[in-house]
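Data first, discussion second: the structure below is written as structure tokens.
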Amino acid sequence: MAGKVVTVTSGKGGVGKTTSTANLGMGLARLGKKVVMIDADIGLRNLDIVMGLENRIVYDLVDVVEGRAKVKQAMIRHKQFPDLYLIPAAQTRDKSAVSPSDMVQLCNELRREFDFILIDSPAGIERGFRNAMAPADDILIVTNPEVSAVRDADRVIGLIEAENKGPARLILNRVKIELVRKGEMMSADDVTDILGIKLIGIVPDDEGVVSASNSGEPVVLSDKSRSGQAYRDIVRRLTGEDVPFAPLEQSGGLLAKIGRLFGGR
Amino acid sequence: MPSLWERLFGRPAERESSAQAAKRRLQFVLVHDRINLPPDIMAAMKQEILDVISKYVQVSEDAIDIALHPSEGGSLNRLVAEVPFTKSIVAPPPPLDEDSDLEAPAQAPEEVDPPEAR
């Protein structure tokens, strides 16, 4: 078995990288995949708390890299999904404690046992980003339909291309469909036009996401949630399934289409 | 007075929506981000362009605007130089042996890009 390394990154912080990683990890586990998630944000550990695993950390990524713990010892198993594991970030160290080649080596070891290795990249384009990028087979860029987030995403895409990685795919997060309809928020088409990369998912803005993080149960598990559905779709696309985008997400809805017919855009 | 359509759907037919503004502004700034030309090189290029144009017309240096513009419909990005000038410098023309490939002064364009692309 040769697992796939999927890195989730963004450039800008606060766009929903960790939340997305948590949802994708749990969504993949829900489909019966063997998944290990690595929190590469050393010094700013967060994936553990979003996943509800914060109380069970003994060893972390830096302990593994520096040889104080075996990989197996640092992996925290999820109670609900026994094939889902987390390797947490160290909280008291900085990014320089891990090198890109450490990450490649670790992932090569994990590839033998897991279907998916999900890496939650830190924000920024420095060492932590390079660590997260080094072993990646597949790269997902999370952004919001806002000028600052899109600009940073473009910068990251440039760096990925320069490394001959990719092509990265885009998760457009926190889309407010009402605002898109009114022309007050960029649509998925606008953003993919600007960035020139393919979309893997559009996640609508949903209050349920915050309450899901609050309780440590990612929204992908909640059947009624629209953003949960969006993550479930992304997960299926990650496994190679061809899942069509709902027309509402793509075009801003029927009203917007009619509006364009009347010269609205 | 907004039309019924505009009041219903909040999208004025004429005015640019904020989403369109965001897209336009991003496309502009990303041309610069992607080309990654250091400011001193950019300044040197501007100066050289200016020096050439100044041979033919009297330009007011403060009003010069040279900028990179994004592509439209898949074409290449463009360098657009807007150089307002006061009058042409008729004489003396530059020696022909040095600048033999240059056009006559009277035909010097005030813009580097074709006008229809704007």
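Following the order of the structure tokens, chains are lettered A, B, ..., residues in each are numbered from 1, and ligands are numbered from 1.
Here is the contact set of chain A against chain B, at 8 Å and counting only C-alpha atoms: A:Glu146, A:Val147, A:Val150, A:Arg151, A:Asp154, A:Arg155, A:Gly158, A:Val180, A:Lys182, A:Gly183, A:Glu184, A:Met185, A:Met186, A:Ser187, A:Asp190, A:Val191, A:Ile194, A:Gly259, A:Gly263, A:Gly264, A:Arg265.
Counting from CA of Ala212 (chain A), the distance to CA of Ser20 (chain A) is 12.0 Å.
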Which of region 127-157 of chain A fall in helix (DSSP H, G or I), as a PyMOL selection string: chain A and resi 127-133+147-157
Output N, CA and C atoms for every residue in the selection just made, as a CSV table (one decimal), in the first residue's frame.
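File again00.csv, as written:
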chain,number,residue,atom,x,y,z
A,127,ARG,N,9.7,28.5,6.7
A,127,ARG,CA,10.1,27.1,7.0
A,127,ARG,C,9.0,26.1,7.2
A,128,GLY,N,8.0,26.5,8.0
A,128,GLY,CA,6.9,25.6,8.3
A,128,GLY,C,6.1,25.2,7.0
A,129,PHE,N,5.9,26.2,6.1
A,129,PHE,CA,5.3,25.9,4.9
A,129,PHE,C,6.1,25.0,4.0
A,130,ARG,N,7.4,25.2,4.0
A,130,ARG,CA,8.3,24.3,3.2
A,130,ARG,C,8.3,22.9,3.8
A,131,ASN,N,8.3,22.8,5.1
A,131,ASN,CA,8.2,21.5,5.7
A,131,ASN,C,6.9,20.7,5.3
A,132,ALA,N,5.8,21.4,5.3
A,132,ALA,CA,4.5,20.8,4.9
A,132,ALA,C,4.5,20.5,3.4
A,133,MET,N,5.2,21.2,2.6
A,133,MET,CA,5.1,21.1,1.2
A,133,MET,C,6.0,19.9,0.7
A,147,VAL,N,-10.0,39.8,-0.9
A,147,VAL,CA,-8.8,40.2,-1.6
A,147,VAL,C,-7.5,39.7,-1.0
A,148,SER,N,-7.4,39.9,0.4
A,148,SER,CA,-6.2,39.6,1.0
A,148,SER,C,-5.9,38.1,1.0
A,149,ALA,N,-6.9,37.3,1.2
A,149,ALA,CA,-6.7,35.8,1.2
A,149,ALA,C,-6.4,35.3,-0.2
A,150,VAL,N,-7.1,35.9,-1.2
A,150,VAL,CA,-6.8,35.4,-2.6
A,150,VAL,C,-5.4,35.8,-3.0
A,151,ARG,N,-5.0,37.0,-2.6
A,151,ARG,CA,-3.7,37.4,-3.0
A,151,ARG,C,-2.6,36.5,-2.4
A,152,ASP,N,-2.8,36.2,-1.2
A,152,ASP,CA,-1.8,35.3,-0.5
A,152,ASP,C,-1.9,33.9,-1.1
A,153,ALA,N,-3.0,33.4,-1.5
A,153,ALA,CA,-3.2,32.1,-2.2
A,153,ALA,C,-2.4,32.1,-3.5
A,154,ASP,N,-2.4,33.2,-4.2
A,154,ASP,CA,-1.7,33.3,-5.4
A,154,ASP,C,-0.2,33.2,-5.2
A,155,ARG,N,0.2,33.9,-4.2
A,155,ARG,CA,1.7,33.8,-3.8
A,155,ARG,C,2.1,32.4,-3.6
A,156,VAL,N,1.3,31.7,-2.8
A,156,VAL,CA,1.6,30.3,-2.5
A,156,VAL,C,1.5,29.4,-3.7
A,157,ILE,N,0.6,29.6,-4.6
A,157,ILE,CA,0.5,28.9,-5.9
A,157,ILE,C,1.8,29.1,-6.7
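Taking CA of Ile53 (chain B) and CA of Arg78 (chain B) as endpoints, the distance between them is 18.4 Å.
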message: At a cut-off of 10 Å, using only C-alpha atoms, what residues contact Leu238 (chain A)? Leave out same-chain residues fewer than 4 positions from it and give the result as number ranges by chain.
response: A: 6, 24, 28, 116, 138, 140, 200, 232-234, 242-243
- request: Show which residues sit within 10 Å of Asp65 (chain B), as a list in words. Count only C-alpha atoms, and ignore same-chain residues fewer than 6 positions away.
  value: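 Contacts, with the query itself left out: Lys46, Val80, Ala81, Glu82, Val83 and Pro84 of chain B.
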